Structure formats: C-alpha cells, structure tokens
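Novice: One structure coming up, written as structure tokens, with questions to follow.
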Amino acid sequence: MGLNTVNPFDLTGRVAIVTGSNTGLGAGMAVALAAAGCDIVGVSRTDAGDTPARVEASGRRFADVRADLGSPAPAGDIVRAAVEAFGRIDVLVNNAGIIRRDNALDFTEADWDDVMDVNLKSLFFLSQAAARQFVKQQGGGKIINVASMLSFQGGIRVASYTASKSGVLGLTRLLANEWAAHGINVNAIAPGYMATANTAALRDDTRRNGEILGRIPAARWGTPDDLAGPVVFLASSASDYVHGHTLAVDGGWLAR
C-alpha cells in the first residue's frame with residue numbers, strides 16, 4: 001500500500017469495512033480507524049448504534065450497511081455498497097461473530113451451523129469479495145480477521161465457537177499465502193477476555209470471573225479501546241511486511 005515514512009499509521013483517505021460495527025469490539029475498532037483517517041462502512045444486522053456519530057465526530061464519513069451474515073449471500077452486496085459510497089475499499093475488518101454455549105454431549109446441529117456460518121463461512125466469502133475488489137483496484141489492501149484465545153486453546157462448552165475461531169487462524173494463514181503476491185495483507189487479532197456482550201455470562205459467573213482474572217497477568221478484562229492500536233497497525237502501511245500473523249491482545253493470558 002506504500003509506506004508513509006512521515007507517519008506510517010496515517011490512514012487518511014482510506015476506506016474500511018467493519019462488520020459488527022454497531023457495538024463492542026467492532027464499534028471500538030471502527031472508531032479507532034476513523035480517528036486514524038478512515039471513512040467507515042459499518043455492517044450490522046439491525047441498528048448501527050452510536051457508531052455513526054462517533055465516526056463523524058472524528059471528521060470522517062460513515063456508510064450504514066445492513067446485512068445478516070448468517071449467510072455469505074450479502075458479501076458481494078456489502079463490497080458493492082462500499083464502493084458506491086466511497087469509490088473504493090482499502091481495509092476489511094471481519095469482526096462479526098456469535099457464540100453458543102452447551103456441553104459437547106448436548107450440542108445441537110443448529111448451534112453448530114449458526115456459529116460456523118457467521119464466524120467462518122461468511123468471513124471467508126466476504127474476504128473473497130473484498131480481495132477481488134483489491135485486485136481490481138490494483139493497489140493491494142488489508143484484511144483483518146478477529147480470531148480468539150480459542151484459536152489457540154480448546155475452551156469448554158463452546159464447541160462450534162472453538163472450531164470456528166481455530167478455522168479463522170488457519171484461514172488467515174492460507175489467505176496470506178495466496179494473496180500476498182497481490183499486495184494484500186491478511187492478518188488477525190485474537191482478543192483476550194474482553195468486556196463485551198459475548199462474555200456477559202462469564203463475567204456474571206462469580207467463580208468463572210475469578211478464575212479468568214486470576215490468570216490474566218494484566219489483572220483486568222480487556223476493553224474495545226485495547227484493540228485500537230493493533231487494528232490501526234494492521235490496517236496501515238506500518239504492517240506492509242506482516243502476513244498471516246494472528247496477534248494476541250490478551251493482557252498476557254497466553255503467556256501464563
């Protein structure tokens with residue numbers, strides 16, 4: 001994408017698609033990218049939340065795209081909507097994800113399929129649609145997948161989530177291998193235990209909450225703000241020689 005030697009983290013004039021941008025980590029990353037200079041195409045299933053106002057407060061533009069990523073069918077339409085709104089795309093953040101919890105002995109096919117469809121299948125086909133646009137533009141691009149601690153560990157009671165996030169780590173490597181020659185960087189962020197809606201049940205469980213905090217060297221749950229620096233780095237020219245890497249942002253969880 002061309003190194004800006006004055007400020008390699010400057011994203012002025014670039015366009016980023018962020019899925020699941022209406023809340024939690026997705027909202028935090030969208031706002032961080034806007035603060036660095038990106039116009040944002042926010043993809044959400046229902047309401048866009050306060051993300052448009054937060055992006056516009058940074059002086060950047062926001063395009064609101066509604067799509068249900070329970071199926072890969074909207075992938076092409078999302079990219080087309082982004083190009084129609086802002087003329088091009090430079091960054092894709094595959095953040096949208098869901099989780100279902102149950103014992104492996106009782107886990108249902110519906111809970112398996114629903115999670116895999118959002119977290120892995122739609123991620124792949126949206127990446128494919130974005131990469132086709134990057135190739136058409138002939139200027140490279142950045143794809144940032146959201147992995148998980150369960151890309152590295154097994155977890156408990158989240159069979160389809162663990163399978164999907166392990167798949168995200170593998171796909172990140174595969175896509176980097178294939179697309180680096182096109183100037184496309186594919187990397188991932190693996191958030192640690194973050195204070196979001198997906199982890200509300202864990203934080204409300206006094207025993208599990210204590211166990212988790214006891215293992216995190218930073219001694220706290222992460223927040224969406226903790227992903228600001230990593231997502232800007234991976235979206236910027238500062239990371240032009242970083243390919244296929246999954247960056248843990250985990251307060252030291254994996255080092256324990």
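Naming scheme: A, B, ... for chains in displayed order of the structure tokens; residues 1 onward per chain; ligands 1 onward as shown.
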Extract the full set of helix (DSSP H, G or I) residues from range 84-184 of chain A according to DSSP on the backbone, and format it as an MDAnalysis selection string.

Specialist: chainID A and resid 84:86 109:137 149:151 159:182

Novice: Which distance in Å separates CA of Met149 in chain A and CA of Leu234 in chain A, to one decimal?

Specialist: 18.5 Å

Novice: Write out as a list of chain:residue names all residues of range 119-222 of chain A that backbone DSSP assigns to strand (DSSP E).

Specialist: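 Filtering range 119-222 of chain A to strand (DSSP E) leaves A:Gly141, A:Lys142, A:Ile143, A:Ile144, A:Asn145, A:Val146, A:Ile184, A:Asn185, A:Val186, A:Asn187, A:Ala188, A:Ile189, A:Ala190, A:Pro191.
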
Novice: Keeping only N, CA and C atoms, take the residues you just selected and write them out as a CSV table (one decimal), in the first residue's frame.

Specialist:
```
chain,number,residue,atom,x,y,z
A,141,GLY,N,-4.3,-4.2,-0.3
A,141,GLY,CA,-5.4,-4.0,0.7
A,141,GLY,C,-5.0,-4.7,1.9
A,142,LYS,N,-5.8,-4.5,3.0
A,142,LYS,CA,-5.6,-5.1,4.3
A,142,LYS,C,-6.9,-5.8,4.7
A,143,ILE,N,-6.7,-7.1,5.1
A,143,ILE,CA,-7.8,-7.8,5.7
A,143,ILE,C,-7.4,-8.2,7.1
A,144,ILE,N,-8.3,-7.9,8.1
A,144,ILE,CA,-8.0,-8.1,9.5
A,144,ILE,C,-9.1,-9.0,10.0
A,145,ASN,N,-8.8,-10.2,10.3
A,145,ASN,CA,-9.8,-11.1,10.9
A,145,ASN,C,-9.8,-11.0,12.4
A,146,VAL,N,-10.9,-11.3,13.0
A,146,VAL,CA,-11.0,-11.3,14.5
A,146,VAL,C,-11.0,-12.8,14.9
A,184,ILE,N,-1.9,-7.8,-0.9
A,184,ILE,CA,-2.9,-7.9,0.2
A,184,ILE,C,-2.4,-8.5,1.4
A,185,ASN,N,-2.5,-7.8,2.5
A,185,ASN,CA,-2.0,-8.4,3.8
A,185,ASN,C,-3.2,-9.0,4.5
A,186,VAL,N,-3.1,-10.2,4.9
A,186,VAL,CA,-4.2,-10.9,5.7
A,186,VAL,C,-3.6,-11.3,7.0
A,187,ASN,N,-4.2,-10.7,8.1
A,187,ASN,CA,-3.7,-10.9,9.4
A,187,ASN,C,-4.9,-11.0,10.4
A,188,ALA,N,-4.7,-11.3,11.6
A,188,ALA,CA,-5.8,-11.5,12.6
A,188,ALA,C,-5.4,-10.9,13.9
A,189,ILE,N,-6.4,-10.5,14.6
A,189,ILE,CA,-6.3,-10.1,16.0
A,189,ILE,C,-7.0,-11.1,16.9
A,190,ALA,N,-6.4,-11.6,17.9
A,190,ALA,CA,-7.0,-12.5,18.8
A,190,ALA,C,-7.2,-11.8,20.1
A,191,PRO,N,-8.4,-11.3,20.4
A,191,PRO,CA,-8.7,-10.6,21.6
A,191,PRO,C,-8.6,-11.6,22.8
```

Novice: Report as an mmCIF file with C-alpha atoms, in the first residue's frame all protein, DNA and RNA residues lying within 10 Å of Pro230 in chain A, evaluated on only C-alpha atoms, omitting residues in the same chain fewer than 2 positions from it.

Specialist:
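Final file, result_10.cif:
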```
data_model
loop_
_atom_site.group_PDB
_atom_site.id
_atom_site.type_symbol
_atom_site.label_atom_id
_atom_site.label_comp_id
_atom_site.auth_asym_id
_atom_site.auth_seq_id
_atom_site.Cartn_x
_atom_site.Cartn_y
_atom_site.Cartn_z
ATOM 1 C CA MET A 29 -12.227 -0.693 16.004
ATOM 2 C CA ALA A 32 -10.155 3.842 16.055
ATOM 3 C CA ALA A 188 -5.820 -11.451 12.552
ATOM 4 C CA ILE A 189 -6.283 -10.069 16.032
ATOM 5 C CA ASP A 225 -10.045 0.573 23.391
ATOM 6 C CA ASP A 226 -7.341 -2.067 23.800
ATOM 7 C CA LEU A 227 -7.817 -3.049 20.141
ATOM 8 C CA ALA A 228 -7.388 0.495 18.799
ATOM 9 C CA VAL A 232 -4.699 0.674 13.171
ATOM 10 C CA PHE A 233 -1.283 -1.005 12.913
ATOM 11 C CA LEU A 234 -2.621 -3.907 10.841
ATOM 12 C CA ALA A 235 -4.659 -1.551 8.627
ATOM 13 C CA SER A 236 -1.736 0.787 7.975
ATOM 14 C CA LEU A 247 -1.750 -11.011 17.102
ATOM 15 C CA ALA A 248 -2.905 -11.842 20.634
ATOM 16 C CA VAL A 249 -4.196 -8.830 22.533
#
```

Novice: Can you measure CA of Phe134 in chain A to CA of Thr51 in chain A for me? One decimal in Å is fine.

Specialist: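 We find that CA of Phe134 in chain A and CA of Thr51 in chain A lie 25.4 Å from each other.
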
Novice: From the set A:Asp205, A:Met194, A:Val168, A:Ala238, which residue has the shortest atom-to-atom contact distance to Gly251 in chain A, counting only C-alpha atoms?

Specialist: A:Met194

Novice: What separation in Å, quoted to one decimal, exists between CA of Phe9 in chain A and CA of Gly183 in chain A?

Specialist: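 Distance reported for this atom pair: 17.4 Å.
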
Novice: So that I can check the surroundings of range 53-70 of chain A, please list as an MDAnalysis selection string every protein, DNA and RNA residue that reaches within 9 Å of it, counting only C-alpha atoms and ignoring chain neighbours fewer than 4 positions away.

Specialist: chainID A and resid 19 27 30:49 74:75 77:78 81:82 85:86 96:97 114:119 121:123

Novice: Keeping N, CA and C atoms, export the residues of the selection given above as a short mmCIF file (atom, residue, chain, number, x, y, z; two decimals), in the first residue's frame.

Specialist:
```cif
data_model
loop_
_atom_site.label_atom_id
_atom_site.label_comp_id
_atom_site.auth_asym_id
_atom_site.auth_seq_id
_atom_site.Cartn_x
_atom_site.Cartn_y
_atom_site.Cartn_z
N THR A 19 -17.36 -5.21 9.96
CA THR A 19 -18.59 -5.94 10.24
C THR A 19 -18.82 -5.98 11.75
N ALA A 27 -17.38 -1.72 17.20
CA ALA A 27 -17.55 -0.28 17.33
C ALA A 27 -16.22 0.37 17.70
N ALA A 30 -13.93 0.40 14.64
CA ALA A 30 -14.39 1.36 13.64
C ALA A 30 -14.02 2.79 14.04
N VAL A 31 -14.23 3.11 15.30
CA VAL A 31 -13.91 4.46 15.78
C VAL A 31 -12.40 4.71 15.75
N ALA A 32 -11.62 3.70 16.09
CA ALA A 32 -10.15 3.84 16.06
C ALA A 32 -9.66 4.07 14.63
N LEU A 33 -10.21 3.33 13.67
CA LEU A 33 -9.82 3.51 12.28
C LEU A 33 -10.23 4.89 11.76
N ALA A 34 -11.40 5.35 12.18
CA ALA A 34 -11.83 6.69 11.79
C ALA A 34 -10.90 7.75 12.36
N ALA A 35 -10.50 7.59 13.62
CA ALA A 35 -9.60 8.55 14.25
C ALA A 35 -8.26 8.62 13.51
N ALA A 36 -7.86 7.49 12.88
CA ALA A 36 -6.61 7.44 12.12
C ALA A 36 -6.80 7.95 10.69
N GLY A 37 -8.04 8.21 10.27
CA GLY A 37 -8.27 8.81 8.96
C GLY A 37 -9.20 8.09 8.03
N CYS A 38 -9.69 6.90 8.41
CA CYS A 38 -10.53 6.11 7.51
C CYS A 38 -11.97 6.60 7.48
N ASP A 39 -12.57 6.56 6.29
CA ASP A 39 -14.02 6.54 6.19
C ASP A 39 -14.47 5.11 6.46
N ILE A 40 -15.64 4.97 7.10
CA ILE A 40 -16.07 3.67 7.60
C ILE A 40 -17.35 3.22 6.93
N VAL A 41 -17.33 1.98 6.46
CA VAL A 41 -18.54 1.29 6.01
C VAL A 41 -18.89 0.31 7.12
N GLY A 42 -19.91 0.65 7.90
CA GLY A 42 -20.28 -0.18 9.04
C GLY A 42 -21.35 -1.17 8.66
N VAL A 43 -21.09 -2.45 8.92
CA VAL A 43 -22.05 -3.50 8.59
C VAL A 43 -22.64 -4.04 9.89
N SER A 44 -23.96 -3.98 9.99
CA SER A 44 -24.63 -4.53 11.16
C SER A 44 -25.95 -5.15 10.72
N ARG A 45 -26.44 -6.04 11.55
CA ARG A 45 -27.67 -6.75 11.19
C ARG A 45 -28.90 -5.89 11.45
N THR A 46 -28.84 -5.09 12.51
CA THR A 46 -30.00 -4.26 12.86
C THR A 46 -29.58 -2.81 12.97
N ASP A 47 -29.61 -2.26 14.15
CA ASP A 47 -29.31 -0.84 14.35
C ASP A 47 -27.82 -0.59 14.34
N ALA A 48 -27.41 0.57 13.81
CA ALA A 48 -25.99 0.91 13.74
C ALA A 48 -25.44 1.46 15.05
N GLY A 49 -26.31 1.62 16.04
CA GLY A 49 -25.88 2.11 17.34
C GLY A 49 -25.37 3.55 17.25
N PRO A 74 -24.80 -11.93 1.38
CA PRO A 74 -24.63 -10.47 1.25
C PRO A 74 -23.21 -10.02 0.91
N ALA A 75 -22.24 -10.91 0.84
CA ALA A 75 -20.84 -10.50 0.73
C ALA A 75 -20.60 -9.55 -0.45
N ASP A 77 -22.75 -7.80 -2.13
CA ASP A 77 -23.52 -6.56 -1.98
C ASP A 77 -22.85 -5.59 -1.02
N ILE A 78 -22.22 -6.12 0.04
CA ILE A 78 -21.52 -5.26 1.00
C ILE A 78 -20.38 -4.52 0.32
N ALA A 81 -21.74 -1.92 -2.08
CA ALA A 81 -22.26 -0.76 -1.36
C ALA A 81 -21.14 0.15 -0.89
N ALA A 82 -20.03 -0.46 -0.45
CA ALA A 82 -18.88 0.32 0.00
C ALA A 82 -18.28 1.12 -1.16
N ALA A 85 -20.50 3.95 -2.14
CA ALA A 85 -20.49 5.05 -1.16
C ALA A 85 -19.22 5.88 -1.25
N PHE A 86 -18.06 5.21 -1.36
CA PHE A 86 -16.79 5.92 -1.21
C PHE A 86 -15.81 5.72 -2.35
N ALA A 96 -17.65 -9.49 12.86
CA ALA A 96 -18.94 -10.06 13.25
C ALA A 96 -18.77 -11.50 13.71
N GLY A 97 -19.41 -11.82 14.82
CA GLY A 97 -19.32 -13.19 15.33
C GLY A 97 -20.39 -13.46 16.37
N ASP A 114 -25.09 -22.40 13.01
CA ASP A 114 -25.27 -20.96 13.13
C ASP A 114 -23.95 -20.25 13.39
N VAL A 115 -23.15 -20.81 14.28
CA VAL A 115 -21.88 -20.19 14.64
C VAL A 115 -20.87 -20.31 13.50
N MET A 116 -20.77 -21.48 12.90
CA MET A 116 -19.82 -21.66 11.81
C MET A 116 -20.16 -20.79 10.61
N ASP A 117 -21.45 -20.61 10.34
CA ASP A 117 -21.86 -19.81 9.19
C ASP A 117 -21.44 -18.35 9.35
N VAL A 118 -21.64 -17.79 10.54
CA VAL A 118 -21.27 -16.39 10.77
C VAL A 118 -19.76 -16.24 10.90
N ASN A 119 -19.17 -17.04 11.79
CA ASN A 119 -17.78 -16.82 12.20
C ASN A 119 -16.75 -17.26 11.18
N LYS A 121 -17.71 -19.15 7.63
CA LYS A 121 -18.14 -19.19 6.22
C LYS A 121 -18.31 -17.79 5.66
N SER A 122 -19.06 -16.93 6.37
CA SER A 122 -19.26 -15.57 5.87
C SER A 122 -17.96 -14.78 5.87
N LEU A 123 -17.11 -15.03 6.86
CA LEU A 123 -15.80 -14.38 6.90
C LEU A 123 -15.00 -14.69 5.64
#
```

Novice: Residues within 7 Å of Arg157 in chain A, please, as a ChimeraX atom specification. Count only C-alpha atoms; anything in the same chain fewer than 5 positions from it doesn't count.

Specialist: /A:101-104

Novice: Can you work out which one of A:Ser127, A:Ala218, A:Leu105, A:Ile98 has the shortest atom-to-atom distance to Tyr161 in chain A, counting only C-alpha atoms?

Specialist: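 With only C-alpha atoms as the atom set, the closest residue is A:Ile98.
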
Novice: Hey, what's within 10 Å of Asn198 in chain A if we count only C-alpha atoms and toss same-chain stuff fewer than 3 positions away? As a list in words, please?

Specialist: Gly24, Gly97, Ile98, Ile99, Arg100, Tyr193, Met194, Ala195, Ala201, Leu202 and Arg203 of chain A
